[in-house]
file protein.pdb (PDB, C-alpha atoms)
ATOM      1  CA  MET A  30     271.340 -11.170 126.225
ATOM      2  CA  GLU A  31     269.016  -9.322 123.836
ATOM      3  CA  PHE A  32     268.964  -5.538 124.210
ATOM      4  CA  LYS A  33     265.476  -4.260 125.042
ATOM      5  CA  LYS A  34     264.556  -0.590 124.896
ATOM      6  CA  THR A  35     262.773   0.514 128.045
ATOM      7  CA  THR A  36     261.872   3.672 126.123
ATOM      8  CA  GLU A  37     259.715   1.493 123.852
ATOM      9  CA  SER A  38     258.064  -0.452 126.688
ATOM     10  CA  GLU A  39     254.283  -0.424 127.047
ATOM     11  CA  SER A  40     252.892   2.550 128.952
ATOM     12  CA  GLN A  41     251.783   1.813 132.501
ATOM     13  CA  TYR A  42     248.561   3.658 131.717
ATOM     14  CA  GLN A  43     245.727   2.250 129.626
ATOM     15  CA  ASN A  44     242.853   3.813 127.666
ATOM     16  CA  LEU A  45     244.380   7.267 127.529
ATOM     17  CA  ASP A  46     241.733   8.313 125.037
ATOM     18  CA  LYS A  47     239.076   7.683 127.688
ATOM     19  CA  MET A  48     240.769   9.795 130.393
ATOM     20  CA  SER A  49     239.549  13.231 131.456
ATOM     21  CA  VAL A  50     241.864  16.187 130.890
ATOM     22  CA  SER A  51     242.481  16.369 134.634
ATOM     23  CA  ASP A  52     243.497  12.703 134.821
ATOM     24  CA  LEU A  53     245.734  13.049 131.772
ATOM     25  CA  LEU A  54     247.589  15.999 133.265
ATOM     26  CA  LYS A  55     247.927  14.452 136.722
ATOM     27  CA  SER A  56     249.206  11.183 135.247
ATOM     28  CA  ILE A  57     251.769  12.925 133.030
ATOM     29  CA  ASN A  58     252.913  14.925 136.043
ATOM     30  CA  GLU A  59     253.306  11.749 138.098
ATOM     31  CA  GLU A  60     255.573  10.314 135.437
ATOM     32  CA  ASP A  61     257.576  13.540 135.151
ATOM     33  CA  LYS A  62     258.269  13.475 138.905
ATOM     34  CA  LYS A  63     260.330  10.311 138.438
ATOM     35  CA  VAL A  64     262.921  11.991 136.227
ATOM     36  CA  PRO A  65     264.929  14.013 138.809
ATOM     37  CA  ASP A  66     265.267  10.974 141.063
ATOM     38  CA  VAL A  67     266.732   8.948 138.204
ATOM     39  CA  ILE A  68     269.198  11.735 137.416
ATOM     40  CA  GLU A  69     270.222  11.996 141.071
ATOM     41  CA  GLY A  70     271.429   8.415 140.865
ATOM     42  CA  ILE A  71     273.727   9.079 137.889
ATOM     43  CA  ILE A  72     275.322  12.363 139.009
ATOM     44  CA  PRO A  73     278.780  10.705 139.254
ATOM     45  CA  ASP A  74     278.521   9.796 135.555
ATOM     46  CA  ILE A  75     277.539  13.357 134.672
ATOM     47  CA  GLU A  76     280.403  14.693 136.806
ATOM     48  CA  ALA A  77     282.927  12.585 134.906
ATOM     49  CA  VAL A  78     281.725  14.066 131.615
ATOM     50  CA  VAL A  79     281.873  17.631 132.972
ATOM     51  CA  GLN A  80     285.432  17.110 134.214
ATOM     52  CA  VAL A  81     286.712  15.924 130.849
ATOM     53  CA  ILE A  82     284.978  18.771 128.988
ATOM     54  CA  VAL A  83     286.479  21.372 131.332
ATOM     55  CA  GLU A  84     289.923  19.877 130.886
ATOM     56  CA  LYS A  85     289.623  19.992 127.092
ATOM     57  CA  MET A  86     288.088  23.471 126.967
ATOM     58  CA  LYS A  87     290.817  24.933 129.143
ATOM     59  CA  THR A  88     293.233  24.119 126.327
ATOM     60  CA  GLY A  89     291.008  25.566 123.594
ATOM     61  CA  GLY A  90     288.818  22.560 122.858
ATOM     62  CA  ARG A  91     285.188  22.652 121.809
ATOM     63  CA  LEU A  92     282.066  20.747 122.833
ATOM     64  CA  PHE A  93     279.916  19.059 120.197
ATOM     65  CA  TYR A  94     276.393  17.726 120.710
ATOM     66  CA  MET A  95     275.046  15.247 118.152
ATOM     67  CA  GLY A  96     271.538  13.872 117.867
ATOM     68  CA  ALA A  97     268.457  13.283 115.753
ATOM     69  CA  GLY A  98     264.854  14.370 116.241
ATOM     70  CA  THR A  99     264.010  15.515 119.765
ATOM     71  CA  SER A 100     267.482  14.615 121.033
ATOM     72  CA  GLY A 101     269.123  16.703 118.325
ATOM     73  CA  ARG A 102     266.807  19.648 118.951
ATOM     74  CA  LEU A 103     267.569  19.594 122.674
ATOM     75  CA  GLY A 104     271.272  19.770 121.838
ATOM     76  CA  VAL A 105     270.605  22.750 119.575
ATOM     77  CA  VAL A 106     268.683  24.538 122.340
ATOM     78  CA  ASP A 107     271.466  24.057 124.885
ATOM     79  CA  ALA A 108     274.281  25.038 122.512
ATOM     80  CA  SER A 109     272.450  28.133 121.269
ATOM     81  CA  GLU A 110     271.937  29.397 124.832
ATOM     82  CA  CYS A 111     275.628  29.234 125.800
ATOM     83  CA  PRO A 112     276.861  32.378 123.969
ATOM     84  CA  PRO A 113     274.178  34.766 125.294
ATOM     85  CA  THR A 114     274.206  33.304 128.798
ATOM     86  CA  PHE A 115     277.932  32.899 129.343
ATOM     87  CA  GLY A 116     279.464  35.256 126.781
ATOM     88  CA  ILE A 117     281.386  32.569 124.916
ATOM     89  CA  ASP A 118     281.986  32.793 121.181
ATOM     90  CA  HIS A 119     279.698  31.003 118.768
ATOM     91  CA  GLY A 120     281.483  27.842 117.692
ATOM     92  CA  VAL A 121     282.693  26.853 121.160
ATOM     93  CA  VAL A 122     279.620  24.712 121.868
ATOM     94  CA  ILE A 123     278.256  23.288 118.615
ATOM     95  CA  ALA A 124     275.117  21.221 118.067
ATOM     96  CA  LEU A 125     274.716  18.981 115.039
ATOM     97  CA  ILE A 126     271.357  17.468 114.142
ATOM     98  CA  ALA A 127     270.682  14.737 111.602
ATOM     99  CA  GLY A 128     269.159  16.379 108.552
ATOM    100  CA  GLY A 129     270.787  19.752 109.219
ATOM    101  CA  ASP A 130     269.070  22.971 110.262
ATOM    102  CA  THR A 131     265.872  22.006 108.401
ATOM    103  CA  ALA A 132     265.392  19.210 110.935
ATOM    104  CA  ILE A 133     265.191  21.691 113.814
ATOM    105  CA  ARG A 134     261.651  22.612 112.770
ATOM    106  CA  LYS A 135     260.586  19.749 110.505
ATOM    107  CA  ALA A 136     261.414  16.046 110.601
ATOM    108  CA  VAL A 137     263.748  14.970 107.801
ATOM    109  CA  GLU A 138     262.897  11.406 106.814
ATOM    110  CA  PHE A 139     265.660   8.801 107.229
ATOM    111  CA  ALA A 140     268.272  11.464 108.094
ATOM    112  CA  GLU A 141     269.234   9.624 111.270
ATOM    113  CA  ASP A 142     269.816   6.320 109.462
ATOM    114  CA  SER A 143     273.187   7.193 107.898
ATOM    115  CA  HIS A 144     276.207   5.744 109.706
ATOM    116  CA  MET A 145     278.603   8.135 107.943
ATOM    117  CA  GLN A 146     276.791  11.469 107.851
ATOM    118  CA  GLY A 147     277.476  12.291 111.501
ATOM    119  CA  TRP A 148     281.216  11.991 110.974
ATOM    120  CA  LEU A 149     281.023  14.036 107.763
ATOM    121  CA  ASP A 150     279.198  16.761 109.701
ATOM    122  CA  LEU A 151     281.945  16.739 112.350
ATOM    123  CA  GLU A 152     284.640  16.896 109.681
ATOM    124  CA  SER A 153     283.009  20.007 108.235
ATOM    125  CA  HIS A 154     283.817  21.685 111.569
ATOM    126  CA  LYS A 155     287.424  20.480 111.469
ATOM    127  CA  ILE A 156     287.015  18.267 114.540
ATOM    128  CA  THR A 157     290.252  17.585 116.450
ATOM    129  CA  THR A 158     291.481  15.520 119.383
ATOM    130  CA  ASN A 159     291.140  18.635 121.530
ATOM    131  CA  ASP A 160     287.330  18.468 121.240
ATOM    132  CA  VAL A 161     284.658  16.423 123.043
ATOM    133  CA  VAL A 162     281.667  14.880 121.256
ATOM    134  CA  ILE A 163     278.489  13.972 123.158
ATOM    135  CA  GLY A 164     276.044  11.754 121.317
ATOM    136  CA  ILE A 165     272.433  12.264 122.429
ATOM    137  CA  ALA A 166     269.937   9.496 121.674
ATOM    138  CA  ALA A 167     267.075   8.388 123.905
ATOM    139  CA  SER A 168     266.953   5.009 122.164
ATOM    140  CA  GLY A 169     270.715   4.539 122.174
ATOM    141  CA  THR A 170     270.499   3.080 118.680
ATOM    142  CA  THR A 171     270.631   6.086 116.313
ATOM    143  CA  PRO A 172     273.051   5.285 113.435
ATOM    144  CA  TYR A 173     273.870   8.979 112.824
ATOM    145  CA  VAL A 174     275.176   9.252 116.377
ATOM    146  CA  ILE A 175     276.755   5.824 116.795
ATOM    147  CA  GLY A 176     278.625   6.033 113.491
ATOM    148  CA  ALA A 177     280.062   9.427 114.412
ATOM    149  CA  LEU A 178     281.233   8.274 117.847
ATOM    150  CA  LEU A 179     282.841   5.140 116.406
ATOM    151  CA  LYS A 180     284.841   7.285 113.995
ATOM    152  CA  CYS A 181     285.769   9.694 116.795
ATOM    153  CA  ASN A 182     287.100   6.795 118.853
ATOM    154  CA  GLU A 183     289.237   5.684 115.902
ATOM    155  CA  LYS A 184     290.650   9.214 115.608
ATOM    156  CA  GLY A 185     291.404   9.617 119.337
ATOM    157  CA  ILE A 186     288.597  12.118 119.968
ATOM    158  CA  THR A 187     286.899  12.005 123.389
ATOM    159  CA  THR A 188     283.323  10.710 123.248
ATOM    160  CA  ALA A 189     280.374  10.646 125.651
ATOM    161  CA  CYS A 190     276.677   9.895 125.404
ATOM    162  CA  ILE A 191     273.316  10.751 126.928
ATOM    163  CA  THR A 192     270.737   8.012 126.499
ATOM    164  CA  CYS A 193     267.722   6.574 128.281
ATOM    165  CA  ASN A 194     268.429   2.882 127.719
ATOM    166  CA  ALA A 195     270.987   0.981 129.771
ATOM    167  CA  GLY A 196     273.211  -1.370 127.797
ATOM    168  CA  SER A 197     272.287   0.227 124.466
ATOM    169  CA  PRO A 198     274.640   0.122 121.466
ATOM    170  CA  LEU A 199     275.452   3.787 122.111
ATOM    171  CA  THR A 200     276.664   3.053 125.648
ATOM    172  CA  GLN A 201     278.898   0.337 124.192
ATOM    173  CA  VAL A 202     280.540   2.910 121.915
ATOM    174  CA  ALA A 203     280.862   6.047 124.076
ATOM    175  CA  GLN A 204     283.913   6.375 126.321
ATOM    176  CA  HIS A 205     281.853   8.217 128.962
ATOM    177  CA  LYS A 206     278.284   7.028 129.480
ATOM    178  CA  ILE A 207     275.244   8.787 130.931
ATOM    179  CA  ALA A 208     272.157   6.554 130.945
ATOM    180  CA  ALA A 209     269.020   8.045 132.498
ATOM    181  CA  VAL A 210     266.640   5.078 132.539
ATOM    182  CA  VAL A 211     263.321   6.807 133.180
ATOM    183  CA  GLY A 212     261.130   3.859 132.152
ATOM    184  CA  PRO A 213     258.127   3.605 129.836
ATOM    185  CA  GLU A 214     256.607   6.799 128.496
ATOM    186  CA  PHE A 215     253.040   7.908 129.277
ATOM    187  CA  VAL A 216     252.294   7.566 125.565
ATOM    188  CA  THR A 217     254.118   4.396 124.581
ATOM    189  CA  GLY A 218     257.389   5.211 122.800
ATOM    190  CA  SER A 219     256.945   9.012 122.875
ATOM    191  CA  THR A 220     260.462   9.869 124.007
ATOM    192  CA  ARG A 221     259.870  13.601 123.673
ATOM    193  CA  MET A 222     258.262  13.218 127.104
ATOM    194  CA  LYS A 223     260.188  11.775 130.099
ATOM    195  CA  ALA A 224     263.259  10.870 128.061
ATOM    196  CA  GLY A 225     263.353  14.343 126.544
ATOM    197  CA  THR A 226     262.949  15.937 129.966
ATOM    198  CA  ALA A 227     265.816  13.855 131.328
ATOM    199  CA  GLN A 228     268.063  14.813 128.423
ATOM    200  CA  LYS A 229     267.216  18.498 128.832
ATOM    201  CA  LEU A 230     267.986  18.437 132.562
ATOM    202  CA  ILE A 231     271.301  16.662 131.972
ATOM    203  CA  LEU A 232     272.313  19.113 129.241
ATOM    204  CA  ASN A 233     271.483  22.011 131.602
ATOM    205  CA  MET A 234     273.697  20.431 134.255
ATOM    206  CA  ILE A 235     276.605  19.798 131.899
ATOM    207  CA  SER A 236     276.780  23.190 130.196
ATOM    208  CA  THR A 237     276.125  25.191 133.371
ATOM    209  CA  ALA A 238     278.671  23.285 135.451
ATOM    210  CA  VAL A 239     281.270  23.507 132.672
ATOM    211  CA  MET A 240     280.838  27.249 132.249
ATOM    212  CA  ILE A 241     281.007  27.892 135.990
ATOM    213  CA  GLN A 242     284.211  25.849 136.168
ATOM    214  CA  LEU A 243     285.608  27.948 133.325
ATOM    215  CA  GLY A 244     284.942  31.141 135.308
ATOM    216  CA  LYS A 245     281.917  32.377 133.367
ATOM    217  CA  VAL A 246     279.888  32.987 136.546
ATOM    218  CA  LYS A 247     280.892  35.225 139.473
ATOM    219  CA  GLY A 248     279.140  34.407 142.734
ATOM    220  CA  ASN A 249     275.815  33.386 141.243
ATOM    221  CA  LYS A 250     275.663  35.991 138.483
ATOM    222  CA  MET A 251     276.041  35.729 134.683
ATOM    223  CA  VAL A 252     278.705  38.405 134.517
ATOM    224  CA  ASP A 253     279.642  37.621 130.902
ATOM    225  CA  MET A 254     276.113  37.453 129.456
ATOM    226  CA  LYS A 255     275.445  39.195 126.140
ATOM    227  CA  LEU A 256     273.500  42.434 126.487
ATOM    228  CA  ALA A 257     271.100  41.378 123.764
ATOM    229  CA  ASN A 258     267.856  43.049 124.837
ATOM    230  CA  VAL A 259     266.330  45.579 127.237
ATOM    231  CA  LYS A 260     265.624  42.949 129.894
ATOM    232  CA  LEU A 261     269.229  41.750 129.951
ATOM    233  CA  ILE A 262     270.616  45.278 129.977
ATOM    234  CA  ASP A 263     268.406  46.102 132.962
ATOM    235  CA  ARG A 264     269.553  42.927 134.721
ATOM    236  CA  GLY A 265     273.160  43.831 133.975
ATOM    237  CA  VAL A 266     272.744  47.367 135.321
ATOM    238  CA  LYS A 267     271.318  46.034 138.582
ATOM    239  CA  MET A 268     274.161  43.539 138.880
ATOM    240  CA  VAL A 269     276.698  46.357 138.469
ATOM    241  CA  MET A 270     274.860  48.492 141.018
ATOM    242  CA  ASN A 271     274.783  45.645 143.517
ATOM    243  CA  GLU A 272     278.416  44.646 143.094
ATOM    244  CA  LEU A 273     279.760  48.205 143.221
ATOM    245  CA  GLN A 274     277.184  49.371 145.796
ATOM    246  CA  LEU A 275     276.028  52.170 143.500
ATOM    247  CA  GLU A 276     272.676  53.872 143.909
ATOM    248  CA  ASP A 277     272.858  55.695 140.579
ATOM    249  CA  TYR A 278     271.132  53.557 137.901
ATOM    250  CA  ASP A 279     272.266  55.845 135.065
ATOM    251  CA  LEU A 280     275.924  55.663 136.154
ATOM    252  CA  ALA A 281     275.775  51.875 136.287
ATOM    253  CA  LYS A 282     274.147  51.768 132.844
ATOM    254  CA  GLU A 283     276.815  54.112 131.479
ATOM    255  CA  LEU A 284     279.550  51.813 132.805
ATOM    256  CA  LEU A 285     277.831  48.759 131.373
ATOM    257  CA  THR A 286     277.376  50.398 127.972
ATOM    258  CA  LYS A 287     280.962  51.626 127.887
ATOM    259  CA  TYR A 288     282.632  48.331 128.791
ATOM    260  CA  GLY A 289     280.160  45.902 127.212
ATOM    261  CA  SER A 290     279.728  43.379 130.019
ATOM    262  CA  VAL A 291     279.018  43.226 133.732
ATOM    263  CA  ARG A 292     282.444  41.741 134.413
ATOM    264  CA  ALA A 293     284.300  44.422 132.433
ATOM    265  CA  ALA A 294     282.247  47.238 133.978
ATOM    266  CA  ILE A 295     283.020  46.036 137.511
ATOM    267  CA  GLU A 296     286.700  45.394 136.878
ATOM    268  CA  ASN A 297     287.328  48.746 135.167
ATOM    269  CA  TYR A 298     285.410  50.728 137.795
ATOM    270  CA  LYS A 299     287.476  49.149 140.571
ATOM    271  CA  LYS A 300     290.686  50.204 138.800
TER     272      LYS A 300
END

call {"tool": "encode", "arguments": {"input": "protein.pdb", "output": "structure tokens"}}
result
Amino acid sequence: MEFKKTTESESQYQNLDKMSVSDLLKSINEEDKKVPDVIEGIIPDIEAVVQVIVEKMKTGGRLFYMGAGTSGRLGVVDASECPPTFGIDHGVVIALIAGGDTAIRKAVEFAEDSHMQGWLDLESHKITTNDVVIGIAASGTTPYVIGALLKCNEKGITTACITCNAGSPLTQVAQHKIAAVVGPEFVTGSTRMKAGTAQKLILNMISTAVMIQLGKVKGNKMVDMKLANVKLIDRGVKMVMNELQLEDYDLAKELLTKYGSVRAAIENYKK
């Protein structure tokens, strides 16, 4: 049976260029509403990926995201937020994008078409069997991603994928498959829209659930977050005050400054 990309299917809306702004926005919103329902139906698949990442990370493994274009950029966004949010070291969650860092801001022509470059990029990070590699590709056909996952499988490295096409070549390669089939885009083939939204939501779910399982959240608070700006310091001070039932803002700030994190401030005060 021939593989057909639902992400490339004709939009269910016609004559977009004749629509009013109000109709455009309402129609896009109607399409966006479909995404969470699709994801709800594949939560068991997402759970399986989270479980394997947690298992690997508990023994010192890392998480790699790989993608091209929008998919690659979404991986970069999620990976870059993990250190400030959860206090992990840079290099624990790593995002690789076809074309390198230049491709984050500007498309690099044909970068995604190399079957070998993805694996070479992983090798530059000394990839091991303790790591997990998630290939992200809305189409499920990106050579940069598929080639890397094939090589990982050969080397005994755990692989997973996030795609928006069921039965795609990528799902045939990945050991753990997440396929969020959100249907045709509002603008035909523009996978930065619903497909991108689905990928972003799934990445949020994976990284957040993994970090909570690894103890990076206490209650519902980011107790290991980096104190990187005034807003986060203020949030941290209020978290310390709340946890220790302190009314003195300056004392809480002094503790936070001295120990460097909400968790450390709370633990050392209690001693």

call {"tool": "resolve_selection", "arguments": {"input": "protein.pdb", "expression": "the PyMOL selection byres ((chain A and resi 204-212) around 6)", "output": "PyMOL selection string"}}
result
chain A and resi 35+74+188-195+200+203+213

call {"tool": "resolve_selection", "arguments": {"input": "protein.pdb", "expression": "the PyMOL selection byres ((chain A and resi 111-114) around 12)", "output": "MDAnalysis selection string"}}
result
chainID A and resid 92 104:110 115:124 232:233 235:241 245:246 250:258 261 265 290

call {"tool": "closest_residue", "arguments": {"input": "protein.pdb", "among": "A:Ala97, A:Ile72, A:Val161, A:Val50", "to": "A:Ala140", "atoms": "all atoms listed in the file"}}
result
A:Ala97

call {"tool": "atom_distance", "arguments": {"input": "protein.pdb", "atom1": "atom CA of A:Gly101", "atom2": "atom CA of A:Val83"}}
result
22.2 Å

call {"tool": "resolve_selection", "arguments": {"input": "protein.pdb", "expression": "the PyMOL selection byres ((chain A and resi 40-42) around 12)", "output": "list in words"}}
result
Thr35, Thr36, Glu37, Ser38, Glu39, Gln43, Asn44, Leu45, Asp46, Lys47, Met48, Asp52, Leu53, Lys55, Ser56, Ile57, Glu59, Glu60, Gly212, Pro213, Glu214, Phe215, Val216, Thr217, Gly218, Ser219, Thr220 and Lys223 of chain A

call {"tool": "residues_around", "arguments": {"input": "protein.pdb", "residues": "A:Ala166", "least_positions_apart": "2", "cutoff": "7 Å", "atoms": "only C-alpha atoms", "output": "list in words"}}
result
Gly96, Ser100, Gly164, Ser168, Gly169, Thr171, Ile191 and Thr192 of chain A

call {"tool": "closest_residue", "arguments": {"input": "protein.pdb", "among": "A:Ala281, A:Leu273, A:Leu230, A:Ile186", "to": "A:Thr157", "atoms": "all atoms listed in the file"}}
result
A:Ile186

call {"tool": "atom_distance", "arguments": {"input": "protein.pdb", "atom1": "atom CA of A:Tyr94", "atom2": "atom CA of A:Asn182"}}
result
15.4 Å

call {"tool": "closest_residue", "arguments": {"input": "protein.pdb", "among": "A:Ser143, A:Ser153, A:Thr187, A:Thr99", "to": "A:Gln228", "atoms": "all atoms listed in the file"}}
result
A:Thr99

call {"tool": "decode", "arguments": {"input": "protein.pdb", "residues": "stretch 113-128 of chain A", "atoms": "N, CA and C atoms", "output": "PDB file, in the first residue's frame"}}
result
ATOM      1  N   PRO A 113      17.254  26.094  32.308  1.00  0.00           N
ATOM      2  CA  PRO A 113      16.736  27.138  33.204  1.00  0.00           C
ATOM      3  C   PRO A 113      15.509  26.716  34.000  1.00  0.00           C
ATOM      4  N   THR A 114      14.673  25.870  33.425  1.00  0.00           N
ATOM      5  CA  THR A 114      13.440  25.482  34.101  1.00  0.00           C
ATOM      6  C   THR A 114      13.681  24.444  35.182  1.00  0.00           C
ATOM      7  N   PHE A 115      14.537  23.468  34.889  1.00  0.00           N
ATOM      8  CA  PHE A 115      14.693  22.330  35.788  1.00  0.00           C
ATOM      9  C   PHE A 115      16.085  22.224  36.421  1.00  0.00           C
ATOM     10  N   GLY A 116      16.960  23.164  36.096  1.00  0.00           N
ATOM     11  CA  GLY A 116      18.273  23.197  36.738  1.00  0.00           C
ATOM     12  C   GLY A 116      19.234  22.122  36.294  1.00  0.00           C
ATOM     13  N   ILE A 117      18.948  21.460  35.171  1.00  0.00           N
ATOM     14  CA  ILE A 117      19.875  20.439  34.684  1.00  0.00           C
ATOM     15  C   ILE A 117      21.029  21.094  33.939  1.00  0.00           C
ATOM     16  N   ASP A 118      22.118  20.368  33.795  1.00  0.00           N
ATOM     17  CA  ASP A 118      23.272  20.891  33.069  1.00  0.00           C
ATOM     18  C   ASP A 118      22.980  20.967  31.571  1.00  0.00           C
ATOM     19  N   HIS A 119      23.590  21.929  30.912  1.00  0.00           N
ATOM     20  CA  HIS A 119      23.543  21.958  29.457  1.00  0.00           C
ATOM     21  C   HIS A 119      24.238  20.694  28.956  1.00  0.00           C
ATOM     22  N   GLY A 120      23.687  20.077  27.935  1.00  0.00           N
ATOM     23  CA  GLY A 120      24.287  18.841  27.438  1.00  0.00           C
ATOM     24  C   GLY A 120      23.595  17.593  27.937  1.00  0.00           C
ATOM     25  N   VAL A 121      22.546  17.761  28.742  1.00  0.00           N
ATOM     26  CA  VAL A 121      21.749  16.607  29.181  1.00  0.00           C
ATOM     27  C   VAL A 121      20.609  16.364  28.192  1.00  0.00           C
ATOM     28  N   VAL A 122      19.976  17.468  27.758  1.00  0.00           N
ATOM     29  CA  VAL A 122      18.989  17.405  26.674  1.00  0.00           C
ATOM     30  C   VAL A 122      19.562  18.218  25.524  1.00  0.00           C
ATOM     31  N   ILE A 123      19.798  17.568  24.402  1.00  0.00           N
ATOM     32  CA  ILE A 123      20.511  18.183  23.277  1.00  0.00           C
ATOM     33  C   ILE A 123      19.631  18.152  22.032  1.00  0.00           C
ATOM     34  N   ALA A 124      19.531  19.275  21.349  1.00  0.00           N
ATOM     35  CA  ALA A 124      18.762  19.332  20.106  1.00  0.00           C
ATOM     36  C   ALA A 124      19.703  19.543  18.923  1.00  0.00           C
ATOM     37  N   LEU A 125      19.538  18.711  17.917  1.00  0.00           N
ATOM     38  CA  LEU A 125      20.313  18.829  16.688  1.00  0.00           C
ATOM     39  C   LEU A 125      19.369  19.177  15.546  1.00  0.00           C
ATOM     40  N   ILE A 126      19.750  20.141  14.738  1.00  0.00           N
ATOM     41  CA  ILE A 126      18.916  20.563  13.619  1.00  0.00           C
ATOM     42  C   ILE A 126      19.722  20.488  12.331  1.00  0.00           C
ATOM     43  N   ALA A 127      19.110  19.964  11.291  1.00  0.00           N
ATOM     44  CA  ALA A 127      19.781  19.854   9.997  1.00  0.00           C
ATOM     45  C   ALA A 127      20.230  21.237   9.532  1.00  0.00           C
ATOM     46  N   GLY A 128      21.496  21.355   9.204  1.00  0.00           N
ATOM     47  CA  GLY A 128      22.034  22.651   8.804  1.00  0.00           C
ATOM     48  C   GLY A 128      22.719  23.388   9.933  1.00  0.00           C
TER      49      GLY A 128
END
